[in-house]
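Q: This structure is in structure tokens; I'll ask about it shortly.
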Amino acid sequence: MKFTLLTILSCCFVFACAKQQAKKFVYAKKFDGLPKVSDFQLEEETLPELKDGDVLAEALFLSVDPYMRSFGEFLPAGMGITMPGGQVAKIIESKNADYPKDAIIYGSLGWRTHTVFNRNVTQDPYSIPTYILPSFADLPRSLGLGTLGMPGNTAQFGLLEIIQPKAGEVLVVSGAAGAVGNLVGQIAKAKGCKVIGITGSDEKCKWLTNDLGFDHAINYKNESVNDVLKKYAPQGVDCYFDNVGGEISSTVINQMRDFGRIAVCGSISSYNLPFGQWPQATIIQPTVVFKQLKMEGFLVQRYWSKWFDGIAQSKRWIDEGRLKYHETITEGFENMPQAFIDMLQGKNFGKAVVKV
Ligand SMILES: NC(=O)c1ccc[n+]([C@@H]2O[C@H](COP(=O)([O-])OP(=O)(O)OC[C@H]3O[C@@H](n4cnc5c(N)ncnc54)[C@H](OP(=O)(O)O)[C@@H]3O)[C@@H](O)[C@H]2O)c1
């Protein structure tokens, strides 16, 4: 009996002193075209004990996003560096009064299950700063990576601040069934636009028109965007939210009307190719000049001062039934690379998220 009690007590002591183990995915092999599962390596590490100001966060949901493909191209990266990315996490230990235990945060903490961080450490200029999630009431916390987070704000600010659509105008969005694109189309519909989405499958086209209220959708993989767009927008296009770049975008831009506006959000059609080997596309400058178009690129970080207003607005729209959210959830941290590759190949409807 004495022995058993001692054993239990010593086990508890060892457990209490055990340092937190973390799993992380590192960038192990330079991407060549579409990333492969073997380009990533799963590693374990022992986390340090917390110092004053530190917190220990446990990932609940992690995001896979197109910009991660730029790792090693635009974003500086050496082999062995932890993959970057955002996560919704729970604070499980804290020595920082601003981040109490059990708080749920958004953090640009990378592809890691557990992280010790200090909020005073400066993040790289491209990261979204860490913050405690505002209340989502009974909505899923994973939306902090999608509709109620970075992609939601990208859709909202890119559309409303840059394009400024007006009722009755024709708006085209590419990457229309993805995290950003599906929201752009829904918000533009709520603003009274005629909305045309461009995406990569018939199933996605049906989802956009039947479930999300888009007026039309074009499958760029088996339809001529040029011909079908002329049919759906015979008077031309007023607004273009560009998620993909390349020939699809040249085609849309060359069908725009006088004083059209274009928000350049991303160019995923080039992401799997190295700098300098990007696809060539039809010239747009004659149309830009003669139709007097306005074209502006943006990074959502520009709107940081309005970040929480953006989230609150999206939540209001959800609560009022004017905005639908959709996530494609992959289970298991070990499946991060596959979820990332699937998203780049268009297997996601709405936001691609990994649940730990
Ligand atoms: N500027 C910013 O601050 C900012 C912030 C967030 C995102 N972005 C950009 O916004 C775009 C959308 O991001 P997201 O997070 O919403 O991703 P997403 O649309 O949820 O996922 C990417 C989608 O891209 C499509 N795609 C893949 N290869 C393509 C190709 N060659 N041509 C056309 N479409 C292709 C796929 O859908 P299909 O089935 O339709 O092919 C895939 O589902 C990306 O370009 C991203 O870099 C920019």
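Naming scheme: A, B, ... for chains in displayed order of the structure tokens; residues 1 onward per chain; ligands 1 onward as shown.
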Within 7 Å of ligand 1, which residues show up when you count only C-alpha atoms and all ligand atoms? List them as a PDB file with C-alpha atoms, in the first residue's frame, please.
A:
ATOM      1  CA  ASP A  65      -3.727  29.231 -47.220  1.00  0.00           C
ATOM      2  CA  PRO A  66      -2.430  29.864 -50.730  1.00  0.00           C
ATOM      3  CA  TYR A  67       0.206  32.387 -49.543  1.00  0.00           C
ATOM      4  CA  MET A 150      -8.350  37.099 -42.280  1.00  0.00           C
ATOM      5  CA  PRO A 151     -10.197  35.805 -45.387  1.00  0.00           C
ATOM      6  CA  THR A 154      -9.884  40.348 -47.155  1.00  0.00           C
ATOM      7  CA  GLY A 175     -11.471  31.857 -57.163  1.00  0.00           C
ATOM      8  CA  ALA A 176     -15.174  32.251 -56.450  1.00  0.00           C
ATOM      9  CA  ALA A 177     -15.787  29.104 -54.390  1.00  0.00           C
ATOM     10  CA  GLY A 178     -12.782  29.614 -52.106  1.00  0.00           C
ATOM     11  CA  ALA A 179     -12.467  31.215 -48.677  1.00  0.00           C
ATOM     12  CA  VAL A 180     -12.281  34.798 -49.935  1.00  0.00           C
ATOM     13  CA  GLY A 181     -14.149  34.475 -53.226  1.00  0.00           C
ATOM     14  CA  ILE A 198     -15.428  31.823 -61.899  1.00  0.00           C
ATOM     15  CA  THR A 199     -14.337  28.518 -60.397  1.00  0.00           C
ATOM     16  CA  GLY A 200     -12.961  25.063 -61.223  1.00  0.00           C
ATOM     17  CA  SER A 201     -15.826  22.545 -61.165  1.00  0.00           C
ATOM     18  CA  ASN A 243      -7.953  36.027 -56.842  1.00  0.00           C
ATOM     19  CA  VAL A 244      -6.186  34.109 -59.606  1.00  0.00           C
ATOM     20  CA  CYS A 265      -6.124  40.168 -54.192  1.00  0.00           C
ATOM     21  CA  GLY A 266      -4.013  37.222 -55.368  1.00  0.00           C
ATOM     22  CA  SER A 267      -2.686  35.346 -58.380  1.00  0.00           C
ATOM     23  CA  ILE A 268      -2.921  31.681 -57.473  1.00  0.00           C
ATOM     24  CA  SER A 269      -2.507  30.636 -61.119  1.00  0.00           C
ATOM     25  CA  SER A 270       1.206  31.487 -60.743  1.00  0.00           C
ATOM     26  CA  PHE A 298      -3.721  45.161 -51.645  1.00  0.00           C
ATOM     27  CA  LEU A 299      -2.657  43.209 -48.591  1.00  0.00           C
ATOM     28  CA  VAL A 300      -5.340  42.820 -45.951  1.00  0.00           C
ATOM     29  CA  GLN A 301      -2.874  43.838 -43.226  1.00  0.00           C
ATOM     30  CA  MET A 343      -6.567  23.355 -51.190  1.00  0.00           C
ATOM     31  CA  LEU A 344      -4.052  24.307 -53.882  1.00  0.00           C
ATOM     32  CA  GLN A 345      -5.739  21.733 -56.147  1.00  0.00           C
ATOM     33  CA  GLY A 346      -9.177  23.198 -55.513  1.00  0.00           C
ATOM     34  CA  LYS A 347     -10.652  20.448 -53.339  1.00  0.00           C
ATOM     35  CA  ASN A 348     -12.001  22.958 -50.811  1.00  0.00           C
ATOM     36  CA  PHE A 349     -15.411  24.619 -50.786  1.00  0.00           C
ATOM     37  CA  GLY A 350     -15.099  27.800 -48.711  1.00  0.00           C
ATOM     38  CA  LYS A 351     -12.319  27.894 -46.135  1.00  0.00           C
ATOM     39  CA  ALA A 352      -9.839  25.015 -45.819  1.00  0.00           C
TER      40      ALA A 352
END
Q: Show me, as a list in words, the residues that have an atom within 12 Å of A:Met295 when counting only C-alpha atoms, minus same-chain residues fewer than 4 positions from it.
A: Gly158, Ile162, Ile163, Asp238, Cys239, Tyr240, Phe241, Asp242, Ser249, Ile253, Met256, Phe259, Gly260, Arg261, Ile262, Ala263, Val264, Cys265, Ile284, Gln285, Thr287, Val288, Val289 and Lys291 of chain A
Q: What separation in Å, quoted to one decimal, exists between atom CA of A:Val356 and atom CA of A:Lys23?
A: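 We find that atom CA of A:Val356 and atom CA of A:Lys23 lie 11.0 Å from each other.
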Q: Please return, as number ranges by chain, all residues of stretch 93-268 of chain A that DSSP assigns to alpha helix (DSSP H) on the basis of the backbone.
A: A: 150-157, 179-190, 202-206, 225-232, 246-253
Q: Those same residues, written as an mmCIF file, in the first residue's frame with C-alpha atoms?
A:
data_model
loop_
_atom_site.group_PDB
_atom_site.id
_atom_site.type_symbol
_atom_site.label_atom_id
_atom_site.label_comp_id
_atom_site.auth_asym_id
_atom_site.auth_seq_id
_atom_site.Cartn_x
_atom_site.Cartn_y
_atom_site.Cartn_z
ATOM 1 C CA MET A 150 -8.350 37.099 -42.280
ATOM 2 C CA PRO A 151 -10.197 35.805 -45.387
ATOM 3 C CA GLY A 152 -13.456 37.469 -44.265
ATOM 4 C CA ASN A 153 -11.717 40.790 -43.844
ATOM 5 C CA THR A 154 -9.884 40.348 -47.155
ATOM 6 C CA ALA A 155 -13.214 39.899 -48.937
ATOM 7 C CA GLN A 156 -14.897 42.743 -47.111
ATOM 8 C CA PHE A 157 -12.167 45.394 -47.333
ATOM 9 C CA ALA A 179 -12.467 31.215 -48.677
ATOM 10 C CA VAL A 180 -12.281 34.798 -49.935
ATOM 11 C CA GLY A 181 -14.149 34.475 -53.226
ATOM 12 C CA ASN A 182 -17.417 33.022 -51.944
ATOM 13 C CA LEU A 183 -17.710 35.855 -49.423
ATOM 14 C CA VAL A 184 -16.930 38.516 -52.028
ATOM 15 C CA GLY A 185 -19.786 37.245 -54.175
ATOM 16 C CA GLN A 186 -22.247 37.071 -51.293
ATOM 17 C CA ILE A 187 -21.412 40.579 -50.038
ATOM 18 C CA ALA A 188 -21.631 41.981 -53.569
ATOM 19 C CA LYS A 189 -25.070 40.356 -53.945
ATOM 20 C CA ALA A 190 -26.149 41.986 -50.681
ATOM 21 C CA ASP A 202 -19.497 22.123 -62.051
ATOM 22 C CA GLU A 203 -20.226 21.134 -58.447
ATOM 23 C CA LYS A 204 -18.735 24.402 -57.217
ATOM 24 C CA CYS A 205 -20.695 26.343 -59.871
ATOM 25 C CA LYS A 206 -23.931 24.750 -58.618
ATOM 26 C CA VAL A 225 -14.511 32.195 -69.919
ATOM 27 C CA ASN A 226 -14.353 34.612 -72.839
ATOM 28 C CA ASP A 227 -17.497 33.321 -74.560
ATOM 29 C CA VAL A 228 -19.616 32.585 -71.484
ATOM 30 C CA LEU A 229 -18.796 35.912 -69.841
ATOM 31 C CA LYS A 230 -19.989 37.748 -72.978
ATOM 32 C CA LYS A 231 -23.273 35.882 -72.636
ATOM 33 C CA TYR A 232 -23.729 36.611 -68.910
ATOM 34 C CA GLY A 246 -3.146 34.974 -65.451
ATOM 35 C CA GLU A 247 -5.271 34.436 -68.545
ATOM 36 C CA ILE A 248 -8.590 34.253 -66.653
ATOM 37 C CA SER A 249 -7.976 37.781 -65.375
ATOM 38 C CA SER A 250 -6.846 39.134 -68.736
ATOM 39 C CA THR A 251 -10.057 37.750 -70.227
ATOM 40 C CA VAL A 252 -12.253 39.427 -67.596
ATOM 41 C CA ILE A 253 -10.371 42.741 -67.693
#
Q: When DSSP works through the backbone of this structure, what residues of stretch 9-97 of chain A end up as strand (DSSP E), shown as a ChimeraX atom specification?
A: /A:21-27,40-46,54-63,87-94
Q: Tell me, as a list in words, which residues lie within 8 Å of stretch 90-101 of chain A, counting only C-alpha atoms; anything in the same chain fewer than 6 positions away does not count.
A: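 In the requested form, the answer reads Leu50, Lys51, Asp52, Gly53, Asp54, Val55, Leu56, Ala57, Glu58, Ala59, Leu60 and Ile132 of chain A.
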Q: I need the residues from that last selection saved to file as a PDB file, in the first residue's frame (with C-alpha atoms), if you can.
A:
ATOM      1  CA  LEU A  50       7.422  29.862 -19.304  1.00  0.00           C
ATOM      2  CA  LYS A  51       9.170  33.091 -18.338  1.00  0.00           C
ATOM      3  CA  ASP A  52       7.327  36.251 -17.247  1.00  0.00           C
ATOM      4  CA  GLY A  53       5.190  37.500 -20.139  1.00  0.00           C
ATOM      5  CA  ASP A  54       5.088  34.078 -21.857  1.00  0.00           C
ATOM      6  CA  VAL A  55       2.050  31.997 -22.654  1.00  0.00           C
ATOM      7  CA  LEU A  56       1.618  28.401 -23.812  1.00  0.00           C
ATOM      8  CA  ALA A  57      -0.956  27.974 -26.560  1.00  0.00           C
ATOM      9  CA  GLU A  58      -2.487  24.718 -27.803  1.00  0.00           C
ATOM     10  CA  ALA A  59      -3.725  24.729 -31.399  1.00  0.00           C
ATOM     11  CA  LEU A  60      -7.402  23.847 -31.938  1.00  0.00           C
ATOM     12  CA  ILE A 132      -7.915  37.214 -28.321  1.00  0.00           C
TER      13      ILE A 132
END
Q: Residues at most 9 Å from A:Pro274, counting only C-alpha atoms, excluding those fewer than 3 positions away in the same chain, as a PDB file with N, CA and C atoms, in the first residue's frame?
A:
ATOM      1  N   ASP A  32       8.738  22.241 -55.609  1.00  0.00           N
ATOM      2  CA  ASP A  32       8.978  22.227 -57.052  1.00  0.00           C
ATOM      3  C   ASP A  32       7.612  21.943 -57.690  1.00  0.00           C
ATOM      4  N   GLY A  33       6.972  22.976 -58.222  1.00  0.00           N
ATOM      5  CA  GLY A  33       5.608  22.809 -58.722  1.00  0.00           C
ATOM      6  C   GLY A  33       4.647  22.640 -57.557  1.00  0.00           C
ATOM      7  N   GLU A  73       9.838  31.276 -51.978  1.00  0.00           N
ATOM      8  CA  GLU A  73       9.878  32.075 -53.210  1.00  0.00           C
ATOM      9  C   GLU A  73       9.950  33.555 -52.795  1.00  0.00           C
ATOM     10  N   SER A 270      -0.261  31.455 -60.581  1.00  0.00           N
ATOM     11  CA  SER A 270       1.206  31.487 -60.743  1.00  0.00           C
ATOM     12  C   SER A 270       1.943  30.878 -59.556  1.00  0.00           C
ATOM     13  N   TYR A 271       1.233  30.516 -58.487  1.00  0.00           N
ATOM     14  CA  TYR A 271       1.934  30.195 -57.239  1.00  0.00           C
ATOM     15  C   TYR A 271       2.800  28.938 -57.313  1.00  0.00           C
ATOM     16  N   GLN A 277       9.318  32.311 -64.075  1.00  0.00           N
ATOM     17  CA  GLN A 277       8.708  31.356 -65.026  1.00  0.00           C
ATOM     18  C   GLN A 277       7.198  31.446 -64.979  1.00  0.00           C
ATOM     19  N   TRP A 278       6.723  32.620 -64.640  1.00  0.00           N
ATOM     20  CA  TRP A 278       5.277  32.784 -64.525  1.00  0.00           C
ATOM     21  C   TRP A 278       4.618  32.715 -65.900  1.00  0.00           C
TER      22      TRP A 278
END
Q: Have a look at atom CA of A:Leu133 and atom CA of A:Gln20 and let me know their distance in Å, one decimal.
A: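 So the two atoms, atom CA of A:Leu133 and atom CA of A:Gln20, lie 23.9 Å apart.
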Q: Tell me, in Å to one decimal, how far atom CA of A:Tyr303 is from atom CA of A:Phe275.
A: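 Pair atom CA of A:Tyr303 / atom CA of A:Phe275 returns 27.5 Å.
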Q: I need the residue nearest A:His114 from this list: A:Val88, A:Leu139, A:Ala28, A:Leu47. Use only C-alpha atoms for the distance.
A: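 Smallest distance to A:His114 is found for A:Leu47.
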Q: Show which residues sit within 8 Å of A:Lys315, as a PDB file with C-alpha atoms, in the first residue's frame. Count only C-alpha atoms, and ignore same-chain residues fewer than 3 positions away.
A:
ATOM      1  CA  PHE A 136     -18.560  34.506 -31.747  1.00  0.00           C
ATOM      2  CA  LEU A 148     -14.634  35.871 -39.033  1.00  0.00           C
ATOM      3  CA  ILE A 311     -15.159  40.790 -37.976  1.00  0.00           C
ATOM      4  CA  ALA A 312     -18.137  42.365 -36.170  1.00  0.00           C
ATOM      5  CA  ILE A 318     -24.254  35.940 -40.523  1.00  0.00           C
ATOM      6  CA  ASP A 319     -26.687  36.633 -37.669  1.00  0.00           C
TER       7      ASP A 319
END
